[in-house]
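Asker: entry.csv is the file, holding CSV, C-alpha atoms:
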chain,number,residue,atom,x,y,z
A,6,MET,CA,3.4,5.2,-1.2
A,7,ARG,CA,1.1,8.1,-1.9
A,8,SER,CA,-0.9,9.5,1.1
A,9,LEU,CA,-4.1,11.4,1.7
A,10,GLU,CA,-4.3,14.3,4.1
A,11,LEU,CA,-6.8,14.0,7.0
A,12,SER,CA,-8.8,17.1,7.9
A,13,THR,CA,-7.9,16.3,11.5
A,14,GLY,CA,-4.2,16.5,10.8
A,15,GLY,CA,-1.6,14.1,9.4
A,16,THR,CA,-1.8,11.7,6.6
A,17,MET,CA,-2.7,8.1,5.8
A,18,PRO,CA,-1.4,5.9,3.0
A,19,VAL,CA,-3.8,5.2,0.1
A,20,LEU,CA,-3.2,1.5,0.3
A,21,GLY,CA,-3.1,-0.7,3.4
A,22,LEU,CA,-3.6,-4.3,4.6
A,23,GLY,CA,-6.9,-5.6,5.7
A,24,THR,CA,-7.0,-8.4,8.3
A,25,TRP,CA,-10.6,-9.6,8.3
A,26,ARG,CA,-10.8,-13.4,8.8
A,27,MET,CA,-7.4,-13.4,10.5
A,28,GLY,CA,-7.0,-14.6,14.0
A,29,GLU,CA,-9.9,-17.1,13.8
A,30,THR,CA,-7.9,-20.3,13.8
A,31,PRO,CA,-5.0,-20.9,16.2
A,32,GLY,CA,-3.3,-23.2,13.7
A,33,ARG,CA,-2.9,-20.4,11.2
A,34,ARG,CA,-1.5,-17.9,13.7
A,35,ALA,CA,2.1,-18.2,12.8
A,36,ALA,CA,1.4,-17.9,9.1
A,37,GLU,CA,-0.8,-14.9,9.6
A,38,VAL,CA,1.8,-13.2,11.7
A,39,ALA,CA,4.4,-13.9,9.1
A,40,ALA,CA,2.1,-12.4,6.4
A,41,VAL,CA,1.7,-9.2,8.3
A,42,ARG,CA,5.5,-9.1,9.0
A,43,ALA,CA,6.1,-9.6,5.3
A,44,ALA,CA,3.7,-6.8,4.5
A,45,ILE,CA,5.6,-4.4,6.8
A,46,ALA,CA,8.9,-5.4,5.3
A,47,MET,CA,7.6,-4.8,1.8
A,48,GLY,CA,6.5,-1.2,2.7
A,49,TYR,CA,2.9,-1.5,3.9
A,50,ARG,CA,2.4,1.1,6.6
A,51,LEU,CA,-1.4,1.1,7.0
A,52,ILE,CA,-2.9,-2.0,8.8
A,53,ASP,CA,-6.6,-2.3,9.4
A,54,THR,CA,-8.2,-4.6,12.0
A,55,ALA,CA,-11.1,-4.7,14.5
A,56,GLU,CA,-12.1,-6.2,17.8
A,57,MET,CA,-14.7,-8.2,15.9
A,58,TYR,CA,-12.1,-10.0,13.7
A,59,GLY,CA,-11.6,-13.3,15.3
A,60,GLU,CA,-13.0,-11.8,18.5
A,61,GLY,CA,-9.7,-10.0,19.1
A,62,GLY,CA,-7.6,-12.6,17.4
A,63,ALA,CA,-6.7,-10.4,14.4
A,64,GLU,CA,-5.6,-7.7,16.8
A,65,LYS,CA,-3.3,-10.2,18.5
A,66,VAL,CA,-1.8,-11.2,15.1
A,67,VAL,CA,-1.2,-7.6,14.2
A,68,GLY,CA,0.2,-6.8,17.6
A,69,GLN,CA,2.7,-9.7,17.4
A,70,ALA,CA,3.8,-8.8,13.9
A,71,VAL,CA,4.2,-5.2,14.7
A,72,ALA,CA,6.2,-6.0,17.9
A,73,GLU,CA,8.5,-8.3,16.0
A,74,ALA,CA,9.0,-5.7,13.2
A,75,LEU,CA,9.8,-3.0,15.7
A,76,ARG,CA,12.3,-5.2,17.6
A,77,ALA,CA,14.0,-6.1,14.3
A,78,GLY,CA,14.2,-2.5,13.3
A,79,ASP,CA,12.2,-3.0,10.1
A,80,VAL,CA,10.0,0.0,10.9
A,81,LYS,CA,9.5,2.7,13.4
A,82,ARG,CA,6.2,3.0,15.3
A,83,GLU,CA,5.6,6.5,14.0
A,84,GLU,CA,5.8,5.2,10.4
A,85,LEU,CA,2.8,2.8,11.0
A,86,PHE,CA,-0.8,3.8,10.8
A,87,ILE,CA,-2.8,1.2,12.8
A,88,VAL,CA,-6.6,1.2,12.5
A,89,SER,CA,-9.1,-0.8,14.7
A,90,LYS,CA,-12.8,-0.7,15.4
A,91,VAL,CA,-15.2,-0.9,18.3
A,92,TYR,CA,-18.2,-3.2,18.3
A,93,PRO,CA,-21.5,-1.2,18.2
A,94,HIS,CA,-22.7,-2.8,21.4
A,95,ASN,CA,-19.5,-1.6,23.2
A,96,ALA,CA,-19.7,2.0,21.8
A,97,SER,CA,-21.3,3.7,24.9
A,98,ARG,CA,-19.7,6.5,26.9
A,99,LYS,CA,-18.1,3.9,29.2
A,100,GLY,CA,-17.9,1.0,26.9
A,101,THR,CA,-15.9,2.7,24.2
A,102,PRO,CA,-12.8,3.5,26.4
A,103,ALA,CA,-13.0,0.0,27.9
A,104,ALA,CA,-13.1,-1.6,24.5
A,105,CYS,CA,-10.3,0.6,23.3
A,106,ALA,CA,-8.2,-0.4,26.3
A,107,ARG,CA,-8.7,-4.1,25.4
A,108,SER,CA,-7.8,-3.5,21.8
A,109,LEU,CA,-4.6,-1.6,22.9
A,110,ALA,CA,-3.6,-4.5,25.1
A,111,ARG,CA,-4.1,-7.1,22.3
A,112,LEU,CA,-2.2,-4.9,19.9
A,113,GLY,CA,0.6,-4.2,22.5
A,114,LEU,CA,0.4,-0.5,21.7
A,115,ASP,CA,-0.1,2.7,23.7
A,116,ARG,CA,-2.1,4.4,20.9
A,117,ILE,CA,-4.3,3.4,18.0
A,118,ASP,CA,-3.9,5.8,15.1
A,119,LEU,CA,-7.5,5.6,13.9
A,120,TYR,CA,-10.4,4.1,15.9
A,121,LEU,CA,-13.7,3.5,14.2
A,122,LEU,CA,-17.3,2.7,15.2
A,123,HIS,CA,-17.7,-0.5,13.2
A,124,TRP,CA,-21.4,0.1,12.4
A,125,ARG,CA,-24.4,1.8,14.0
A,126,GLY,CA,-25.9,0.2,17.0
A,127,GLU,CA,-28.1,0.9,20.0
A,128,HIS,CA,-26.0,3.6,21.6
A,129,PRO,CA,-26.7,7.2,20.7
A,130,LEU,CA,-24.1,8.6,18.3
A,131,ALA,CA,-23.6,11.6,20.6
A,132,HIS,CA,-22.4,9.3,23.4
A,133,THR,CA,-20.0,7.5,21.0
A,134,CYS,CA,-18.7,10.8,19.7
A,135,GLU,CA,-18.1,12.1,23.2
A,136,ALA,CA,-16.2,8.9,24.1
A,137,MET,CA,-14.1,9.1,20.9
A,138,ARG,CA,-13.2,12.7,21.5
A,139,ALA,CA,-12.2,11.9,25.1
A,140,LEU,CA,-9.9,9.1,23.8
A,141,VAL,CA,-8.3,11.5,21.4
A,142,ALA,CA,-7.8,14.1,24.2
A,143,ALA,CA,-6.2,11.4,26.4
A,144,GLY,CA,-3.8,10.4,23.6
A,145,ARG,CA,-5.2,6.8,23.4
A,146,ILE,CA,-6.2,7.3,19.8
A,147,GLY,CA,-4.9,9.6,17.1
A,148,HIS,CA,-8.2,10.1,15.2
A,149,TRP,CA,-11.7,8.6,15.3
A,150,GLY,CA,-14.2,7.8,12.6
A,151,VAL,CA,-17.0,5.5,11.6
A,152,SER,CA,-17.6,2.5,9.3
A,153,ASN,CA,-20.6,1.4,7.2
A,154,PHE,CA,-22.3,4.8,7.5
A,155,ASP,CA,-24.3,6.0,4.5
A,156,THR,CA,-25.0,9.6,3.6
A,157,ASP,CA,-28.0,10.0,6.0
A,158,ASP,CA,-26.0,8.5,8.8
A,159,MET,CA,-23.2,11.0,8.2
A,160,GLU,CA,-25.6,13.9,8.1
A,161,GLU,CA,-27.0,12.7,11.5
A,162,LEU,CA,-23.5,12.3,12.9
A,163,ALA,CA,-22.6,15.8,11.8
A,164,ALA,CA,-25.8,17.1,13.4
A,165,VAL,CA,-25.3,15.5,16.8
A,166,CYS,CA,-21.5,15.8,17.0
A,167,GLY,CA,-21.4,19.5,16.1
A,168,ALA,CA,-19.9,21.4,13.2
A,169,THR,CA,-16.3,20.5,14.0
A,170,PRO,CA,-15.2,18.1,11.3
A,171,ASP,CA,-13.3,15.8,13.6
A,172,CYS,CA,-14.7,12.5,12.3
A,173,ALA,CA,-11.7,11.7,10.2
A,174,VAL,CA,-12.7,8.7,8.1
A,175,ASN,CA,-15.7,6.6,7.0
A,176,GLN,CA,-14.9,3.0,6.0
A,177,VAL,CA,-17.4,1.3,3.6
A,178,TYR,CA,-17.7,-1.5,1.0
A,179,TYR,CA,-16.5,0.1,-2.3
A,180,SER,CA,-15.1,-1.5,-5.4
A,181,VAL,CA,-15.3,-1.2,-9.2
A,182,ALA,CA,-18.3,-3.6,-9.1
A,183,GLU,CA,-19.9,-1.9,-6.1
A,184,ARG,CA,-19.9,1.8,-6.8
A,185,GLY,CA,-23.0,2.8,-4.9
A,186,PRO,CA,-21.1,5.2,-2.6
A,187,GLU,CA,-20.2,7.4,-5.6
A,188,PHE,CA,-23.7,8.8,-6.0
A,189,SER,CA,-23.9,10.8,-2.8
A,190,LEU,CA,-21.7,9.5,0.0
A,191,LEU,CA,-18.3,9.9,-1.7
A,192,PRO,CA,-19.1,13.5,-2.8
A,193,TRP,CA,-20.3,14.3,0.7
A,194,GLN,CA,-17.0,13.1,2.2
A,195,ARG,CA,-14.9,14.8,-0.5
A,196,ALA,CA,-16.5,18.1,0.3
A,197,ARG,CA,-15.4,17.7,3.9
A,198,ARG,CA,-11.9,16.3,3.0
A,199,MET,CA,-12.9,13.1,4.7
A,200,PRO,CA,-11.2,10.0,3.1
A,201,LEU,CA,-13.4,7.0,2.3
A,202,MET,CA,-11.7,3.7,3.2
A,203,ALA,CA,-12.7,1.0,0.8
A,204,TYR,CA,-13.0,-2.5,2.3
A,205,SER,CA,-13.2,-5.5,0.0
A,206,PRO,CA,-11.9,-3.4,-3.0
A,207,ILE,CA,-11.4,-6.6,-5.0
A,208,ASP,CA,-14.8,-8.0,-4.0
A,209,GLN,CA,-13.2,-10.7,-1.8
A,210,GLY,CA,-11.2,-11.9,-4.8
A,211,ALA,CA,-14.2,-12.0,-7.2
A,212,LEU,CA,-12.8,-9.3,-9.4
A,213,ALA,CA,-9.7,-11.4,-10.1
A,214,THR,CA,-11.9,-13.5,-12.4
A,215,ASP,CA,-13.8,-10.7,-14.1
A,216,LYS,CA,-13.3,-11.4,-17.8
A,217,GLY,CA,-13.7,-7.8,-18.9
A,218,MET,CA,-11.2,-6.5,-16.4
A,219,ALA,CA,-8.8,-9.4,-17.2
A,220,ALA,CA,-8.8,-8.5,-20.9
A,221,MET,CA,-8.1,-4.9,-20.1
A,222,ALA,CA,-5.5,-5.7,-17.5
A,223,GLU,CA,-3.6,-7.7,-20.0
A,224,GLY,CA,-2.8,-4.6,-21.9
A,225,PHE,CA,-1.2,-3.1,-18.8
A,226,GLY,CA,0.7,-6.3,-18.0
A,227,VAL,CA,-1.1,-6.7,-14.7
A,228,THR,CA,-3.9,-8.9,-13.3
A,229,ALA,CA,-7.6,-8.1,-13.2
A,230,ALA,CA,-7.3,-7.8,-9.4
A,231,GLN,CA,-4.4,-5.3,-9.7
A,232,LEU,CA,-6.4,-3.3,-12.2
A,233,ALA,CA,-9.4,-3.2,-9.9
A,234,LEU,CA,-7.2,-2.1,-7.0
A,235,ALA,CA,-5.4,0.5,-9.1
A,236,TRP,CA,-8.9,1.9,-10.1
A,237,ALA,CA,-9.9,2.1,-6.4
A,238,VAL,CA,-6.9,4.1,-5.3
A,239,ALA,CA,-7.1,6.3,-8.4
A,240,GLN,CA,-10.4,7.7,-7.1
A,241,PRO,CA,-9.9,11.0,-5.3
A,242,GLY,CA,-10.2,10.7,-1.5
A,243,VAL,CA,-10.2,6.9,-1.5
A,244,VAL,CA,-8.0,4.6,0.5
A,245,ALA,CA,-8.1,0.8,-0.2
A,246,ILE,CA,-7.4,-2.0,2.4
A,247,PRO,CA,-7.4,-5.3,0.5
A,248,LYS,CA,-6.8,-8.4,2.7
A,249,ALA,CA,-3.9,-10.7,1.6
A,250,ALA,CA,-2.3,-13.5,3.4
A,251,HIS,CA,0.3,-14.7,0.8
A,252,GLU,CA,3.4,-12.9,-0.1
A,253,ALA,CA,2.7,-13.0,-3.9
A,254,HIS,CA,-0.7,-11.3,-3.4
A,255,LEU,CA,0.8,-8.8,-1.0
A,256,ARG,CA,3.4,-7.8,-3.6
A,257,GLU,CA,0.8,-7.7,-6.4
A,258,ASN,CA,-1.4,-5.4,-4.3
A,259,LEU,CA,1.4,-3.1,-3.4
A,260,ALA,CA,2.5,-2.8,-7.1
A,261,ALA,CA,-1.1,-2.0,-8.1
A,262,ALA,CA,-0.9,1.3,-6.1
A,263,GLU,CA,1.9,2.4,-8.5
A,264,LEU,CA,-0.2,1.8,-11.6
A,265,THR,CA,-1.3,5.0,-13.3
A,266,LEU,CA,-4.7,4.9,-15.1
A,267,GLY,CA,-5.3,7.6,-17.7
A,268,SER,CA,-8.7,9.0,-18.7
A,269,GLU,CA,-9.2,6.5,-21.5
A,270,ALA,CA,-8.6,3.6,-19.2
A,271,LEU,CA,-10.9,5.0,-16.6
A,272,ALA,CA,-13.6,5.5,-19.2
A,273,ALA,CA,-13.2,1.9,-20.4
A,274,ILE,CA,-13.7,0.7,-16.8
A,275,ASP,CA,-16.8,2.9,-16.6
A,276,ARG,CA,-18.2,1.0,-19.6
A,277,LEU,CA,-17.5,-2.4,-18.0
A,278,HIS,CA,-18.8,-1.3,-14.6
A,279,PRO,CA,-20.9,1.9,-14.9
A,280,PRO,CA,-21.2,4.4,-12.1
A,281,PRO,CA,-24.5,4.6,-10.3
A,282,ARG,CA,-27.3,6.6,-11.8
A,283,GLY,CA,-29.2,6.9,-8.6
A,284,LYS,CA,-29.1,6.4,-4.9
A,285,ARG,CA,-28.6,2.7,-3.8
A,286,PRO,CA,-28.6,1.3,-0.2
A,287,LEU,CA,-25.1,1.1,1.2
A,288,ALA,CA,-23.8,-2.4,0.6
A,289,MET,CA,-22.2,-4.3,3.5
A,290,ILE,CA,-20.3,-7.5,3.9
Represent the structure contained in this file as structure tokens.
Answerer:
Amino acid sequence: MRSLELSTGGTMPVLGLGTWRMGETPGRRAAEVAAVRAAIAMGYRLIDTAEMYGEGGAEKVVGQAVAEALRAGDVKREELFIVSKVYPHNASRKGTPAACARSLARLGLDRIDLYLLHWRGEHPLAHTCEAMRALVAAGRIGHWGVSNFDTDDMEELAAVCGATPDCAVNQVYYSVAERGPEFSLLPWQRARRMPLMAYSPIDQGALATDKGMAAMAEGFGVTAAQLALAWAVAQPGVVAIPKAAHEAHLRENLAAAELTLGSEALAAIDRLHPPPRGKRPLAMI
């Protein structure tokens, strides 16, 4: 699996597993744990979750799956890159470490590799930044970052948190059909060697039925969803975290990361889904 370097040190895989909507129904718990276990066995090493997902339920799913995989010897802890997020209303100086401690307990881990502010809330960014840096210093998290921040938000973050580029990542909605971040946000992040994590890179499955993408994908012997995902990870500085709960989809997504798209293919996709010509409001799901 290809990786991206973080300006704060270390690397992260360009493709991971999203867990939004997991942990919401007790009756699906065993199947969801099995899906995450299967993903790890296949080679997924980046797993994204949040305290919001199932109000901690998704973190418990991930924690159980990781614990089982570690006990079975399927993977070593240092090979995994676990991401979670703090609710905005918890992201105060005192609330951030308390929320992190709860997430760590649900995950059954002593460290979260990347901890994100899920979106902007009422607490000053300077306070959240201070709390995040303290968690890094204490070894409770490896890196910190943000989610759903547009360019002006990133500029403000840089202004209040100082010149040190220790915000490692920004996670936003980005896909071949939702290319708004390309106009200013993605260039801003690339200039600072800050990866953009693309959530919903297949538009919650909608791109799987995109007729233009399907026709083009046929020439590569892949599905439209795989082509859309291959496009996302082909963008410099982009990491994609599609959610999948079935083994077939997990394998398809993993295979998509190995698909190489040449300049002609990328130009054809641009004709199907043109890049933005101007600034758009940041899309959110």
Asker: Identify, on the basis of only C-alpha atoms, every residue whose closest approach to Arg33 (chain A) does not exceed 12 Å; exclude the query and any residue fewer than 3 positions from it along the same chain; express the result as a ChimeraX atom specification.
Answerer: /A:26-30,36-40,59,62-63,66,250
Asker: Need the shell around region 236-247 of chain A: protein/DNA/RNA residues with any atom at most 9 Å away, counting all atoms listed in the file. Skip same-chain ones fewer than 3 positions apart. Format as a ChimeraX atom specification?
Answerer: /A:8-10,17-24,51-53,176,179-181,191,194-195,198-207,209,231-233,258,261-262,264-266,271,274
Asker: Using the selection just defined, write its residues with C-alpha atoms as a compact mmCIF listing (two decimals), keeping the file's coordinate frame.
Answerer:
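Written file, part-v7.txt:
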# COMPACT_ATOMS: atom_id res chain seq x y z
CA SER A 8 -0.90 9.50 1.10
CA LEU A 9 -4.10 11.40 1.70
CA GLU A 10 -4.30 14.30 4.10
CA MET A 17 -2.70 8.10 5.80
CA PRO A 18 -1.40 5.90 3.00
CA VAL A 19 -3.80 5.20 0.10
CA LEU A 20 -3.20 1.50 0.30
CA GLY A 21 -3.10 -0.70 3.40
CA LEU A 22 -3.60 -4.30 4.60
CA GLY A 23 -6.90 -5.60 5.70
CA THR A 24 -7.00 -8.40 8.30
CA LEU A 51 -1.40 1.10 7.00
CA ILE A 52 -2.90 -2.00 8.80
CA ASP A 53 -6.60 -2.30 9.40
CA GLN A 176 -14.90 3.00 6.00
CA TYR A 179 -16.50 0.10 -2.30
CA SER A 180 -15.10 -1.50 -5.40
CA VAL A 181 -15.30 -1.20 -9.20
CA LEU A 191 -18.30 9.90 -1.70
CA GLN A 194 -17.00 13.10 2.20
CA ARG A 195 -14.90 14.80 -0.50
CA ARG A 198 -11.90 16.30 3.00
CA MET A 199 -12.90 13.10 4.70
CA PRO A 200 -11.20 10.00 3.10
CA LEU A 201 -13.40 7.00 2.30
CA MET A 202 -11.70 3.70 3.20
CA ALA A 203 -12.70 1.00 0.80
CA TYR A 204 -13.00 -2.50 2.30
CA SER A 205 -13.20 -5.50 0.00
CA PRO A 206 -11.90 -3.40 -3.00
CA ILE A 207 -11.40 -6.60 -5.00
CA GLN A 209 -13.20 -10.70 -1.80
CA GLN A 231 -4.40 -5.30 -9.70
CA LEU A 232 -6.40 -3.30 -12.20
CA ALA A 233 -9.40 -3.20 -9.90
CA ASN A 258 -1.40 -5.40 -4.30
CA ALA A 261 -1.10 -2.00 -8.10
CA ALA A 262 -0.90 1.30 -6.10
CA LEU A 264 -0.20 1.80 -11.60
CA THR A 265 -1.30 5.00 -13.30
CA LEU A 266 -4.70 4.90 -15.10
CA LEU A 271 -10.90 5.00 -16.60
CA ILE A 274 -13.70 0.70 -16.80
Asker: At what distance in Å, to one decimal, does CA of Leu121 (chain A) lie from CA of Ser152 (chain A)?
Answerer: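 Result for CA of Ser152 (chain A) versus CA of Leu121 (chain A): 6.3 Å, one decimal.
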Asker: When you draw a straight line from CA of Gly150 (chain A) to CA of Gln69 (chain A), how long is it in Å?
Answerer: 24.8 Å
Asker: In Å, with one decimal, what is the gap from CA of Ala106 (chain A) to CA of Gly147 (chain A)?
Answerer: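 Here the two named atoms are 14.0 Å from each other.
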Asker: My list of candidates is A:Ser108, A:His123, A:Val177, A:Asp158. Which is closest to Ile146 (chain A) when distances are computed with all atoms listed in the file?
Answerer: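 Looking only at the distances to Ile146 (chain A), the closest residue turns out to be A:Ser108.
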Asker: Determine the nearest neighbour of Glu263 (chain A) from the options A:Ala131, A:Leu234, A:Ala211, A:Cys172, counting only C-alpha atoms.
Answerer: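 Closest candidate: A:Leu234.
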Asker: Fewer than 2 positions away in the same chain doesn't count, so skip those; otherwise give me all residues within 12 Å of Ala46 (chain A), counting only C-alpha atoms, as a ChimeraX atom specification.
Answerer: /A:39-44,48-50,70-71,73-75,77-81,85,252,255-256,259
Asker: Please, could you write that set of residues out with C-alpha atoms as an mmCIF file, in the coordinates of the input?
Answerer:
data_model
loop_
_atom_site.group_PDB
_atom_site.id
_atom_site.type_symbol
_atom_site.label_atom_id
_atom_site.label_comp_id
_atom_site.auth_asym_id
_atom_site.auth_seq_id
_atom_site.Cartn_x
_atom_site.Cartn_y
_atom_site.Cartn_z
ATOM 1 C CA ALA A 39 4.400 -13.900 9.100
ATOM 2 C CA ALA A 40 2.100 -12.400 6.400
ATOM 3 C CA VAL A 41 1.700 -9.200 8.300
ATOM 4 C CA ARG A 42 5.500 -9.100 9.000
ATOM 5 C CA ALA A 43 6.100 -9.600 5.300
ATOM 6 C CA ALA A 44 3.700 -6.800 4.500
ATOM 7 C CA GLY A 48 6.500 -1.200 2.700
ATOM 8 C CA TYR A 49 2.900 -1.500 3.900
ATOM 9 C CA ARG A 50 2.400 1.100 6.600
ATOM 10 C CA ALA A 70 3.800 -8.800 13.900
ATOM 11 C CA VAL A 71 4.200 -5.200 14.700
ATOM 12 C CA GLU A 73 8.500 -8.300 16.000
ATOM 13 C CA ALA A 74 9.000 -5.700 13.200
ATOM 14 C CA LEU A 75 9.800 -3.000 15.700
ATOM 15 C CA ALA A 77 14.000 -6.100 14.300
ATOM 16 C CA GLY A 78 14.200 -2.500 13.300
ATOM 17 C CA ASP A 79 12.200 -3.000 10.100
ATOM 18 C CA VAL A 80 10.000 0.000 10.900
ATOM 19 C CA LYS A 81 9.500 2.700 13.400
ATOM 20 C CA LEU A 85 2.800 2.800 11.000
ATOM 21 C CA GLU A 252 3.400 -12.900 -0.100
ATOM 22 C CA LEU A 255 0.800 -8.800 -1.000
ATOM 23 C CA ARG A 256 3.400 -7.800 -3.600
ATOM 24 C CA LEU A 259 1.400 -3.100 -3.400
#
Asker: Given the choices A:Val67, A:Leu119, A:Leu287, A:Leu112, which gets closest to Phe154 (chain A) if the distance is worked out from only C-alpha atoms?
Answerer: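 Of all the options, A:Leu287 lies closest to Phe154 (chain A).
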Asker: Please provide the set of residues having any atom within 12 Å of Asp171 (chain A), restricted to all atoms listed in the file, with same-chain residues fewer than 6 positions apart removed, written as a count of residues only.
Answerer: 20
